[in-house]
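Chemist: Starting off with a structure, shown below.
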Amino acid sequence: MARRSKRLEKLKLSALYSFALCHRGSSEDHSRIGTTGFSRVVYVNEPDRLEEEGFRYPLNAVSTTKYSLVTFLPKSLFEQFRRVANFYFLVSGILAVTPLAPYTAVSALVPLCIVIVATMAKEGLEDWRRKQQDHELNNRIVKVHRGNGNFEETKWKDIKVGDVIKVEKDNFFPADMILLSSNYPDGICYVETMNLDGETNLKIRQALEVTLDLQEDAKFRNVRQTIKCEDPNANLYSFVGTMEWKGRQYPLSPQQLLLRDSKLRNTDYIYGAVIFTGHDTKAMQNATDPPSKRSKIEKKMDKIIYLLMSSLLIIALLGSVLFGIWTKEDLRDGELKRWYLRPDATSIYYDPKRAALASFFHLLTALMLYSYFIPISLYISIEMVKLLQALFINQDIEMYHEESDKPTHARTSNLNEELGMVDTILSDKTGTLTCNMMEFIKCSIGGTAYGQGVTEVERAMAMRKGTQLDAGIENGDQKEKKSEDSPHVKGFNFKDPRIMDGNWIHEPNRDMIRDFFRLLAICHTCIPEIDDETGNVSYEAESPDEAAFVIAARELGFEFYKRSQTSIVIRERDPVGNVVESRKYELLNMLEFSSSRKRMSVIVKEPEGRILLLSKGADSVMFKRLAPTGRKFEEGTRKHINEYADSGLRTLVLAYRVLDEKEYREFNEKFNAAKTSVSADRDEKIEAAADSIERDLFLLGATAVEDKLQKGVPECIDKLAQAGIKIWVLTGDKMETAINIGFACSLLRQGMTQIIITLEQPDILALEKNGDKQAIAKGSKQKVMDQIEDGIKQIPPLDPLSSESFALIIDGKSLTYALEDDVKFKFLDLAIKCASVICCRSSPKQKALVTRLVKQVTHKVTLAIGDGANDVGMLQEADIGIGISGEEGMQAVMASDVAIAQFRFLERLLLVHGHWCYRRISVMICYFFYKNVTFGVTIFLYEAFASFSGKPAYNDWFLSLYNVIFTSLPVIALGVFDQDVSARLCLQYPELYQEGVQNILFSWRRILGWMFNGVMNAILIFFFCTTAFEDQAFRQNGQVAGLDALGVVMYTCVVWVVNCQMALSVNYFTIIQHIFIWGSIAVWYLFLLAYGAIDLLGQYSNTAYMVFVEQLAPALLYWLVTLFVVLATLIPYFSYAAVQIRFFPMFHNKIQWKRYLGKAEDPEVARQLSSRHRTSSQQRMVGISARRDGKTMQITREIDLEV
């Protein structure tokens, strides 16, 4: 380590960066210090002084919890009683303490308390986990200056504004700090901001020159500085401040700012002064809560509850009106009609003289009595089921990525059923469909193409054209990888015997090949890291492309080995003598890459004394800079670049020129003058100086790197397309690359009409040259509208026999106008009619706006999937956000609802787990309302039977425990374990997914059908039971049934019927479901025995005392009636289900029947069944299958023509 530190001391990297480190910020911005929004004052090394002067800055501890110990109870209770059903039961429980209640207050409040406490416990557990994460973060250790030059290990939470902190390599910054110095002499440090913006490339920060000598602990003994800066804000990329030290003021810019949650890389240590702590840091200012998402089924469930509450109110009003009429007639001409109510000596509740008031009180009683129409345990049961469903999703080994050791993680369980209802997927490209791992695969040198590897796009193109690739080339990758002598190197997938193993020396253009790879080894900003044990060199690069170039040069014999402030050392292998020799190049200047320059150059002096300018950049800027004598290979290189672009590869052009001493000296003077300039046009002067030297270049060739498609992407897209899901790609890449990736993914195919909307057209370009912004905007918008209307006209009306398909491709400029209010609906109309939609050059905001447009206008479920910080808006805007835990950090994952490691796992997540969850939740909710309607209607019918006297048919505790004990577990088991078809058949029949997209299982027709079934079951149970026991002596001593016996008989029949109905509804029985269904019935009998045996002054068992043991169990009629009623009640449903499955089968019924016959897994049976089920509007237009179908139809047409 000592040797390495000594080596780094010589490396003064600021000399390498001409643009990035020179920006000092606007003097206008710095003039605002001390005004509103710029009032922060920090005393460096004097944190206690801030408190003495009245500054109250927060400590560095952060909290992401929803509750605290004090607020948990009130906030959690508020959250629970925001739900209308819970609030209703609370009001009922309060009314239960009045004489109006038809049952005891305890029996009413206990179930509510159980549900509320269980839900609060779940909320508390989730918040406790967040608190544990906060605790781990707040208790991390960092070194803080505690006086006299001593740095002590301190917890993050104890850091204060003004503290001086020492952060060491590969550690996170604990707060927002101003960089004071580093182990590099010029105060450079490398920062990884992956946790903030998702970017993996390293950022460079540099301390002010006046603090560079603070490189040792002891030097901070007497440091006293005052920093004045902007107030806390969420902007990651701006900072304005000043540092006052030794009587002088120095401006601060973002180049000195180190943000919390960034990581120090390639730098042994830095010293920094804390300016923002805790929730004032920019990371925490950006940490907004994700939007609250509720599934469409849950929203519909609320409507059903409102419907039931309306029905409850109507029947309560009806009963109260009838009760009032009958009460008024109870005492007429001295005759007592309902003598058992004693209207002649009654309280107000049955007083014929105050019938209206009695009717009102009855209304309150009825509202409490009929509350059992509303399933009190519905919400908690659904939450429990969703948590268990999420657990099964997380544990699915088929969605575990072994290479990265990352399982699928359902970060929220609220949206499980929405996974089975997705209509449109909006996907990022880089890192989502592709790996974001660049591999050097081909190159063009001196007009000759090298590299025999085959890209995913080339394979797709060959398949598209119906041609076969050369077997040796196509399988070359696998042969090479299997060879033990040449293991695969990350970033390098180049295969060509003409170049490899030193064979380039035999090529006619060997000098150009040597210069080509020398340029790759020298022209970059990579930092080499040498393993002291093995001597192997690895590289830290600002981008994956840079790393791929340097690795390619190394693998082909030109190893970048060492970098210092003034030199670069390359180790070259002599192919003839197989000897490695070091070549040291003097590094004179570096003109680094920027998005506006689109190129990068270095100026070096060779060991032989020649001064070279080496440059690489985009073809759009490089070809313009070639000298007339340097264009010899331009035509061939352009041809190769176009071929590489067609193959989905990223290309850069390489060129160089030789500078004479005088020319270089003039440039260097001009360049240094521009760098040291303090004028407002300083950046323009630097750019002009660089531009003047990067001319008259000699073309060497071009590189081609591949951002490989993720494994299984085309197959996954094909399955999703077969399932009827529309797939849109929203990418920041240029149009050509996006189109090629579209072909590779099978989103585009040969024969598909491409509707391209772009503003790269002559008339718009002419307007842009004039510079009139208003005219440009008006002309561009009109052009986009015209192109959209032309596209709509191209698409014919839906024709079941037509196989024609369309793809919409639009660039970012056009998308800006297409998303304006008066254009967006036409744009969406066109997009919906197309089989594929690709939006190129899209900004993060545009991605979010497109997602919002699709979601709000179509009213269908949208799913967004991405892996980078630029996808966060899209993920949060969509109904479901899927984050890919890939190469671009964790921003997308942290903003997502579900995290997966690979795009291909989306197939199983949606088609299997999504379908199962949708079906389970839908049937579960329908069943919940069915069983409560069944139970509630029996209560209503008995009250009507008893002339609406307010007397319940059942014992208090029978009422209370119906939803909590006797019918709760079977429905939870259904929600967790039921399967209509197996996972294998879900994937074999992707069309089955449309049941969720069309919401067939949770339509109003189906919901009301379940409720109607419940009403019919209740009517049958009530009338069969009352008819059997009304006048019939059912005991040996000739006694007839009283209310207590009748109530138990009806309740027994209800428990049997609803649990047997569950057994009929289950498609996939497990031992757990058997235990829960039949166990619930058994528990009812055990409860009757136990509860009926309790009699403490008649306060507990009340009307249930010994009813079962003494009255019902010995009576044969009780058992016969139970058997008869259950059979008679379930036969209508069973008959309806049998007729429906036989004559009007749904798609899952057909698959189940084929499975029963043992034919479901036959591919031919699957093809025929799927093709018959698929409607004309669901014809496959994208995917491998669509391409195959299209090719088959083309061959068929050709044969017909020949005939």
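Chains: A, B, ... in order of the structure tokens. Residues: from 1 per chain. Ligands: from 1, in order shown.
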I want to know what sits within 10 Å of Val1109 of chain A, based on only C-alpha atoms, with residues of the same chain fewer than 3 positions away left out; could you give that as a PyMOL selection string?

Modeler: chain A and resi 1088-1089+1092-1093+1105-1106+1112-1115

Chemist: Could you save the residues just selected, with N, CA, C and O atoms, as a PDB file, in the first residue's frame?

Modeler:
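The resulting file, result.pdb, is reproduced below:
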```
ATOM      1  N   LEU A1088     -69.656 -24.815  19.478  1.00  0.00           N
ATOM      2  CA  LEU A1088     -70.993 -25.034  20.039  1.00  0.00           C
ATOM      3  C   LEU A1088     -70.914 -25.812  21.347  1.00  0.00           C
ATOM      4  O   LEU A1088     -71.610 -25.498  22.324  1.00  0.00           O
ATOM      5  N   LEU A1089     -70.049 -26.845  21.340  1.00  0.00           N
ATOM      6  CA  LEU A1089     -69.892 -27.650  22.558  1.00  0.00           C
ATOM      7  C   LEU A1089     -69.302 -26.824  23.696  1.00  0.00           C
ATOM      8  O   LEU A1089     -69.814 -26.817  24.820  1.00  0.00           O
ATOM      9  N   GLY A1092     -71.513 -23.524  24.495  1.00  0.00           N
ATOM     10  CA  GLY A1092     -72.803 -23.904  25.067  1.00  0.00           C
ATOM     11  C   GLY A1092     -72.702 -24.474  26.461  1.00  0.00           C
ATOM     12  O   GLY A1092     -73.710 -24.571  27.169  1.00  0.00           O
ATOM     13  N   ALA A1093     -71.503 -24.855  26.867  1.00  0.00           N
ATOM     14  CA  ALA A1093     -71.320 -25.419  28.206  1.00  0.00           C
ATOM     15  C   ALA A1093     -71.036 -24.345  29.243  1.00  0.00           C
ATOM     16  O   ALA A1093     -71.021 -24.616  30.450  1.00  0.00           O
ATOM     17  N   TYR A1105     -76.855 -21.759  25.409  1.00  0.00           N
ATOM     18  CA  TYR A1105     -76.511 -22.667  26.500  1.00  0.00           C
ATOM     19  C   TYR A1105     -77.113 -24.052  26.276  1.00  0.00           C
ATOM     20  O   TYR A1105     -78.335 -24.223  26.190  1.00  0.00           O
ATOM     21  N   MET A1106     -76.274 -25.060  26.151  1.00  0.00           N
ATOM     22  CA  MET A1106     -76.614 -26.472  26.016  1.00  0.00           C
ATOM     23  C   MET A1106     -77.574 -26.765  24.854  1.00  0.00           C
ATOM     24  O   MET A1106     -78.194 -27.817  24.804  1.00  0.00           O
ATOM     25  N   LEU A1112     -80.213 -30.297  19.880  1.00  0.00           N
ATOM     26  CA  LEU A1112     -80.019 -30.594  18.464  1.00  0.00           C
ATOM     27  C   LEU A1112     -79.281 -31.888  18.185  1.00  0.00           C
ATOM     28  O   LEU A1112     -79.678 -32.654  17.306  1.00  0.00           O
ATOM     29  N   ALA A1113     -78.198 -32.121  18.905  1.00  0.00           N
ATOM     30  CA  ALA A1113     -77.396 -33.312  18.611  1.00  0.00           C
ATOM     31  C   ALA A1113     -78.193 -34.605  18.711  1.00  0.00           C
ATOM     32  O   ALA A1113     -78.046 -35.493  17.864  1.00  0.00           O
ATOM     33  N   PRO A1114     -79.068 -34.762  19.709  1.00  0.00           N
ATOM     34  CA  PRO A1114     -79.845 -36.030  19.777  1.00  0.00           C
ATOM     35  C   PRO A1114     -80.936 -36.117  18.731  1.00  0.00           C
ATOM     36  O   PRO A1114     -81.506 -37.201  18.518  1.00  0.00           O
ATOM     37  N   ALA A1115     -81.287 -35.006  18.075  1.00  0.00           N
ATOM     38  CA  ALA A1115     -82.418 -34.999  17.154  1.00  0.00           C
ATOM     39  C   ALA A1115     -81.965 -35.355  15.740  1.00  0.00           C
ATOM     40  O   ALA A1115     -81.128 -34.666  15.138  1.00  0.00           O
TER      41      ALA A1115
END
```

Chemist: Need to verify the contact set: segment 110-113 of chain A, 9 Å, only C-alpha atoms, exclusion of same-chain residues closer than 3 positions in sequence. Can you return it as a PyMOL selection string?

Modeler: chain A and resi 86+89-90+93+105-107+116-118+376-377+960-961+963-964

Chemist: So, with only C-alpha atoms as the atoms that count, which of A:Lys951, A:His362, A:His488, A:Lys495 lies closest to Ile939 of chain A?

Modeler: A:Lys951

Chemist: Quick one: DSSP alpha helix (DSSP H) residues in segment 864-998 of chain A, as a ChimeraX atom specification?

Modeler: /A:872-877,891-895,905-908,915-945,956-961,968-977,983-988,994-997

Chemist: Would you mind writing down, as an MDAnalysis selection string, each residue of segment 759-978 of chain A that DSSP on the backbone assigns to strand (DSSP E or B)?

Modeler: chainID A and resid 806:810 836:839 861:866 880:884 898:900

Chemist: Write to file, as a PDB file, in the first residue's frame, the residues of the selection just made, with N, CA and C atoms.

Modeler:
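So out-v9.pdb came out as:
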```
ATOM      1  N   PHE A 806     -48.103  -2.545 -38.428  1.00  0.00           N
ATOM      2  CA  PHE A 806     -47.457  -1.241 -38.491  1.00  0.00           C
ATOM      3  C   PHE A 806     -46.624  -1.009 -37.227  1.00  0.00           C
ATOM      4  N   ALA A 807     -45.543  -0.262 -37.404  1.00  0.00           N
ATOM      5  CA  ALA A 807     -44.698   0.136 -36.280  1.00  0.00           C
ATOM      6  C   ALA A 807     -44.532   1.649 -36.310  1.00  0.00           C
ATOM      7  N   LEU A 808     -44.677   2.277 -35.152  1.00  0.00           N
ATOM      8  CA  LEU A 808     -44.501   3.723 -35.039  1.00  0.00           C
ATOM      9  C   LEU A 808     -43.140   4.009 -34.414  1.00  0.00           C
ATOM     10  N   ILE A 809     -42.352   4.839 -35.099  1.00  0.00           N
ATOM     11  CA  ILE A 809     -41.026   5.220 -34.593  1.00  0.00           C
ATOM     12  C   ILE A 809     -40.973   6.745 -34.599  1.00  0.00           C
ATOM     13  N   ILE A 810     -40.687   7.327 -33.439  1.00  0.00           N
ATOM     14  CA  ILE A 810     -40.702   8.790 -33.299  1.00  0.00           C
ATOM     15  C   ILE A 810     -39.478   9.236 -32.509  1.00  0.00           C
ATOM     16  N   SER A 836     -46.090  -2.051 -32.755  1.00  0.00           N
ATOM     17  CA  SER A 836     -44.913  -1.680 -31.966  1.00  0.00           C
ATOM     18  C   SER A 836     -44.767  -0.173 -31.967  1.00  0.00           C
ATOM     19  N   VAL A 837     -44.271   0.358 -30.848  1.00  0.00           N
ATOM     20  CA  VAL A 837     -43.997   1.792 -30.738  1.00  0.00           C
ATOM     21  C   VAL A 837     -42.592   1.947 -30.162  1.00  0.00           C
ATOM     22  N   ILE A 838     -41.755   2.727 -30.858  1.00  0.00           N
ATOM     23  CA  ILE A 838     -40.393   3.004 -30.381  1.00  0.00           C
ATOM     24  C   ILE A 838     -40.204   4.515 -30.343  1.00  0.00           C
ATOM     25  N   CYS A 839     -39.938   5.049 -29.155  1.00  0.00           N
ATOM     26  CA  CYS A 839     -39.662   6.479 -28.985  1.00  0.00           C
ATOM     27  C   CYS A 839     -38.164   6.649 -28.756  1.00  0.00           C
ATOM     28  N   VAL A 861     -54.163  -1.014 -17.490  1.00  0.00           N
ATOM     29  CA  VAL A 861     -53.007  -1.114 -16.592  1.00  0.00           C
ATOM     30  C   VAL A 861     -51.719  -0.976 -17.405  1.00  0.00           C
ATOM     31  N   THR A 862     -50.860  -0.064 -16.989  1.00  0.00           N
ATOM     32  CA  THR A 862     -49.562   0.127 -17.649  1.00  0.00           C
ATOM     33  C   THR A 862     -48.448  -0.348 -16.732  1.00  0.00           C
ATOM     34  N   LEU A 863     -47.421  -0.904 -17.340  1.00  0.00           N
ATOM     35  CA  LEU A 863     -46.240  -1.364 -16.599  1.00  0.00           C
ATOM     36  C   LEU A 863     -45.015  -0.725 -17.235  1.00  0.00           C
ATOM     37  N   ALA A 864     -44.203  -0.066 -16.423  1.00  0.00           N
ATOM     38  CA  ALA A 864     -42.953   0.526 -16.906  1.00  0.00           C
ATOM     39  C   ALA A 864     -41.795  -0.267 -16.328  1.00  0.00           C
ATOM     40  N   ILE A 865     -40.760  -0.481 -17.141  1.00  0.00           N
ATOM     41  CA  ILE A 865     -39.604  -1.250 -16.689  1.00  0.00           C
ATOM     42  C   ILE A 865     -38.327  -0.531 -17.117  1.00  0.00           C
ATOM     43  N   GLY A 866     -37.410  -0.365 -16.183  1.00  0.00           N
ATOM     44  CA  GLY A 866     -36.158   0.325 -16.469  1.00  0.00           C
ATOM     45  C   GLY A 866     -35.127   0.021 -15.407  1.00  0.00           C
ATOM     46  N   ILE A 880     -47.658   0.027 -12.526  1.00  0.00           N
ATOM     47  CA  ILE A 880     -46.675  -0.862 -11.902  1.00  0.00           C
ATOM     48  C   ILE A 880     -45.292  -0.471 -12.417  1.00  0.00           C
ATOM     49  N   GLY A 881     -44.352  -0.295 -11.519  1.00  0.00           N
ATOM     50  CA  GLY A 881     -42.975   0.005 -11.896  1.00  0.00           C
ATOM     51  C   GLY A 881     -42.073  -1.174 -11.599  1.00  0.00           C
ATOM     52  N   ILE A 882     -41.377  -1.660 -12.623  1.00  0.00           N
ATOM     53  CA  ILE A 882     -40.448  -2.789 -12.455  1.00  0.00           C
ATOM     54  C   ILE A 882     -39.032  -2.250 -12.602  1.00  0.00           C
ATOM     55  N   GLY A 883     -38.231  -2.419 -11.566  1.00  0.00           N
ATOM     56  CA  GLY A 883     -36.840  -1.989 -11.613  1.00  0.00           C
ATOM     57  C   GLY A 883     -35.919  -3.157 -11.866  1.00  0.00           C
ATOM     58  N   ILE A 884     -34.957  -2.967 -12.779  1.00  0.00           N
ATOM     59  CA  ILE A 884     -33.977  -4.022 -13.053  1.00  0.00           C
ATOM     60  C   ILE A 884     -32.733  -3.723 -12.239  1.00  0.00           C
ATOM     61  N   VAL A 898     -41.672  -3.714  -8.027  1.00  0.00           N
ATOM     62  CA  VAL A 898     -41.068  -5.051  -8.058  1.00  0.00           C
ATOM     63  C   VAL A 898     -39.685  -4.925  -8.691  1.00  0.00           C
ATOM     64  N   ALA A 899     -38.694  -5.592  -8.104  1.00  0.00           N
ATOM     65  CA  ALA A 899     -37.333  -5.569  -8.650  1.00  0.00           C
ATOM     66  C   ALA A 899     -36.996  -6.954  -9.190  1.00  0.00           C
ATOM     67  N   ILE A 900     -36.515  -7.001 -10.437  1.00  0.00           N
ATOM     68  CA  ILE A 900     -36.066  -8.262 -11.036  1.00  0.00           C
ATOM     69  C   ILE A 900     -34.658  -8.065 -11.563  1.00  0.00           C
TER      70      ILE A 900
END
```

Chemist: Please, what distance in Å, to one decimal, runs between atom CA of Lys639 of chain A and atom CA of Ser444 of chain A?

Modeler: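 Atom CA of Lys639 of chain A sits 9.7 Å away from atom CA of Ser444 of chain A.
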
Chemist: Considering only C-alpha atoms, return as a VMD selection string whatever protein or nucleic-acid residues lie within 7 Å of Asp811 of chain A, sequence-local ones (same chain, fewer than 3 positions apart) excluded.

Modeler: chain A and resid 735 757 to 758 814 to 815 839 to 841

Chemist: Keeping N, CA, C and O atoms for every residue in the selection just given, could you write it to a file as a compact mmCIF listing (two decimals), in the first residue's frame?

Modeler:
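Listing of part-v5.txt after writing:
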```txt
# COMPACT_ATOMS: atom_id res chain seq x y z
N MET A 735 -32.10 6.86 -33.46
CA MET A 735 -33.14 6.08 -34.12
C MET A 735 -32.60 4.80 -34.75
O MET A 735 -33.22 3.73 -34.62
N ILE A 757 -41.79 9.24 -37.60
CA ILE A 757 -42.07 10.67 -37.37
C ILE A 757 -40.79 11.32 -36.89
O ILE A 757 -40.28 11.00 -35.81
N THR A 758 -40.24 12.21 -37.70
CA THR A 758 -38.97 12.85 -37.37
C THR A 758 -38.96 14.28 -37.89
O THR A 758 -39.66 14.61 -38.86
N SER A 814 -39.64 15.36 -32.11
CA SER A 814 -41.04 15.24 -32.53
C SER A 814 -41.94 14.93 -31.35
O SER A 814 -43.07 15.41 -31.26
N LEU A 815 -41.42 14.12 -30.43
CA LEU A 815 -42.22 13.73 -29.26
C LEU A 815 -42.58 14.93 -28.40
O LEU A 815 -43.66 14.98 -27.80
N CYS A 839 -39.94 5.05 -29.16
CA CYS A 839 -39.66 6.48 -28.98
C CYS A 839 -38.16 6.65 -28.76
O CYS A 839 -37.63 6.16 -27.75
N CYS A 840 -37.49 7.32 -29.68
CA CYS A 840 -36.03 7.48 -29.62
C CYS A 840 -35.67 8.84 -29.04
O CYS A 840 -36.46 9.77 -29.08
N ARG A 841 -34.44 8.94 -28.55
CA ARG A 841 -33.93 10.20 -28.00
C ARG A 841 -34.90 10.80 -26.97
O ARG A 841 -35.08 12.01 -26.90
```

Chemist: Nearest to Glu298 of chain A: which of A:Tyr918, A:Tyr400, A:Tyr585, A:Phe38 is it, counting only C-alpha atoms?

Modeler: A:Tyr918

Chemist: May I have the residues within 9 Å of Leu906 of chain A as a PDB file with N, CA and C atoms, in the first residue's frame, using only C-alpha atoms and disregarding those fewer than 4 positions away in the same chain?

Modeler:
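result_19.pdb written:
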```pdb
ATOM      1  N   MET A 399     -37.018 -17.285 -10.959  1.00  0.00           N
ATOM      2  CA  MET A 399     -36.757 -15.860 -11.191  1.00  0.00           C
ATOM      3  C   MET A 399     -35.553 -15.388 -10.373  1.00  0.00           C
ATOM      4  N   CYS A 716     -38.858 -13.752 -24.499  1.00  0.00           N
ATOM      5  CA  CYS A 716     -39.768 -13.140 -23.528  1.00  0.00           C
ATOM      6  C   CYS A 716     -40.756 -12.208 -24.230  1.00  0.00           C
ATOM      7  N   LEU A 720     -44.892 -12.423 -24.362  1.00  0.00           N
ATOM      8  CA  LEU A 720     -45.734 -11.308 -23.928  1.00  0.00           C
ATOM      9  C   LEU A 720     -46.635 -10.834 -25.067  1.00  0.00           C
ATOM     10  N   ILE A 882     -41.377  -1.660 -12.623  1.00  0.00           N
ATOM     11  CA  ILE A 882     -40.448  -2.789 -12.455  1.00  0.00           C
ATOM     12  C   ILE A 882     -39.032  -2.250 -12.602  1.00  0.00           C
ATOM     13  N   ILE A 900     -36.515  -7.001 -10.437  1.00  0.00           N
ATOM     14  CA  ILE A 900     -36.066  -8.262 -11.036  1.00  0.00           C
ATOM     15  C   ILE A 900     -34.658  -8.065 -11.563  1.00  0.00           C
ATOM     16  N   GLN A 902     -33.361  -9.643 -14.424  1.00  0.00           N
ATOM     17  CA  GLN A 902     -33.280  -9.736 -15.881  1.00  0.00           C
ATOM     18  C   GLN A 902     -34.656  -9.488 -16.490  1.00  0.00           C
ATOM     19  N   LEU A 910     -45.391 -12.033 -14.987  1.00  0.00           N
ATOM     20  CA  LEU A 910     -46.722 -11.648 -15.453  1.00  0.00           C
ATOM     21  C   LEU A 910     -47.590 -12.852 -15.794  1.00  0.00           C
ATOM     22  N   LEU A 911     -47.084 -13.727 -16.647  1.00  0.00           N
ATOM     23  CA  LEU A 911     -47.923 -14.811 -17.176  1.00  0.00           C
ATOM     24  C   LEU A 911     -48.241 -15.864 -16.137  1.00  0.00           C
TER      25      LEU A 911
END
```

Chemist: Do a neighbour search on Ile611 of chain A at 9 Å with only C-alpha atoms, toss out local chain neighbours closer than 5 positions, and write the hits as a PDB file with N, CA and C atoms, in the first residue's frame.

Modeler:
```
ATOM      1  N   ILE A 603      -2.687  14.850 -26.820  1.00  0.00           N
ATOM      2  CA  ILE A 603      -1.458  15.213 -27.536  1.00  0.00           C
ATOM      3  C   ILE A 603      -0.294  14.621 -26.757  1.00  0.00           C
ATOM      4  N   VAL A 604       0.488  13.757 -27.407  1.00  0.00           N
ATOM      5  CA  VAL A 604       1.596  13.060 -26.746  1.00  0.00           C
ATOM      6  C   VAL A 604       2.864  13.194 -27.599  1.00  0.00           C
ATOM      7  N   LYS A 605       4.003  12.976 -26.932  1.00  0.00           N
ATOM      8  CA  LYS A 605       5.276  12.937 -27.641  1.00  0.00           C
ATOM      9  C   LYS A 605       5.804  11.513 -27.563  1.00  0.00           C
ATOM     10  N   GLU A 606       6.095  10.930 -28.725  1.00  0.00           N
ATOM     11  CA  GLU A 606       6.602   9.558 -28.788  1.00  0.00           C
ATOM     12  C   GLU A 606       8.039   9.488 -28.247  1.00  0.00           C
ATOM     13  N   ARG A 657      -2.932  12.941 -36.253  1.00  0.00           N
ATOM     14  CA  ARG A 657      -2.093  13.788 -37.088  1.00  0.00           C
ATOM     15  C   ARG A 657      -0.768  14.019 -36.366  1.00  0.00           C
ATOM     16  N   VAL A 658       0.262  14.306 -37.153  1.00  0.00           N
ATOM     17  CA  VAL A 658       1.590  14.615 -36.611  1.00  0.00           C
ATOM     18  C   VAL A 658       1.728  16.129 -36.548  1.00  0.00           C
ATOM     19  N   LEU A 659       2.145  16.644 -35.395  1.00  0.00           N
ATOM     20  CA  LEU A 659       2.317  18.086 -35.204  1.00  0.00           C
ATOM     21  C   LEU A 659       3.811  18.427 -35.187  1.00  0.00           C
ATOM     22  N   ASP A 660       4.133  19.557 -35.811  1.00  0.00           N
ATOM     23  CA  ASP A 660       5.525  19.999 -35.684  1.00  0.00           C
ATOM     24  C   ASP A 660       5.653  20.852 -34.420  1.00  0.00           C
ATOM     25  N   GLU A 661       6.868  21.064 -33.998  1.00  0.00           N
ATOM     26  CA  GLU A 661       7.135  21.742 -32.726  1.00  0.00           C
ATOM     27  C   GLU A 661       6.508  23.136 -32.703  1.00  0.00           C
ATOM     28  N   TYR A 664       2.663  23.039 -32.424  1.00  0.00           N
ATOM     29  CA  TYR A 664       2.225  22.655 -31.076  1.00  0.00           C
ATOM     30  C   TYR A 664       2.454  23.796 -30.085  1.00  0.00           C
TER      31      TYR A 664
END
```

Chemist: Nearest residue to Thr455 of chain A out of A:Thr98, A:Asn150, A:Ser538, A:Asn493, using only C-alpha atoms?

Modeler: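 Counting only C-alpha atoms, the residue closest to Thr455 of chain A is A:Asn493.
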
Chemist: Sort by chain and increasing residue number a table of all residues of segment 253-324 of chain A within 6 Å of segment 224-244 of chain A, each with its closest pair of atoms and their distance in Å to one decimal, counting only C-alpha atoms, and write it as CSV.

Modeler:
```
residue,atom,partner,partner_atom,distance
A:Ser253,CA,A:Phe239,CA,5.5
A:Pro254,CA,A:Phe239,CA,5.1
A:Asp280,CA,A:Pro232,CA,5.4
A:Lys282,CA,A:Ala234,CA,5.0
A:Gln285,CA,A:Ala234,CA,4.9
A:Asn286,CA,A:Ala234,CA,5.3
```

Chemist: Restricting it to N, CA and C atoms, dump the selection as a short mmCIF file (atom, residue, chain, number, x, y, z; two decimals), in the first residue's frame.

Modeler:
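Wrote result_20.cif, looks like this:
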```cif
data_model
loop_
_atom_site.label_atom_id
_atom_site.label_comp_id
_atom_site.auth_asym_id
_atom_site.auth_seq_id
_atom_site.Cartn_x
_atom_site.Cartn_y
_atom_site.Cartn_z
N SER A 253 -17.84 25.99 -6.19
CA SER A 253 -18.71 25.53 -7.27
C SER A 253 -19.03 24.05 -7.04
N PRO A 254 -19.86 23.44 -7.89
CA PRO A 254 -20.14 22.00 -7.74
C PRO A 254 -18.89 21.13 -7.79
N ASP A 280 -31.10 17.81 5.57
CA ASP A 280 -30.72 18.97 4.76
C ASP A 280 -29.88 18.57 3.55
N LYS A 282 -28.59 16.94 0.05
CA LYS A 282 -29.28 16.89 -1.24
C LYS A 282 -29.88 15.51 -1.50
N GLN A 285 -33.06 15.49 0.43
CA GLN A 285 -34.00 16.44 -0.17
C GLN A 285 -34.66 15.83 -1.39
N ASN A 286 -33.95 14.91 -2.06
CA ASN A 286 -34.50 14.23 -3.24
C ASN A 286 -35.29 12.99 -2.88
#
```

Chemist: Restricting the calculation to only C-alpha atoms: of A:Lys562, A:Glu586, A:Ser310, A:Tyr67, which residue gets closest to Arg129 of chain A?

Modeler: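 Closest residue, counting only C-alpha atoms: A:Tyr67.
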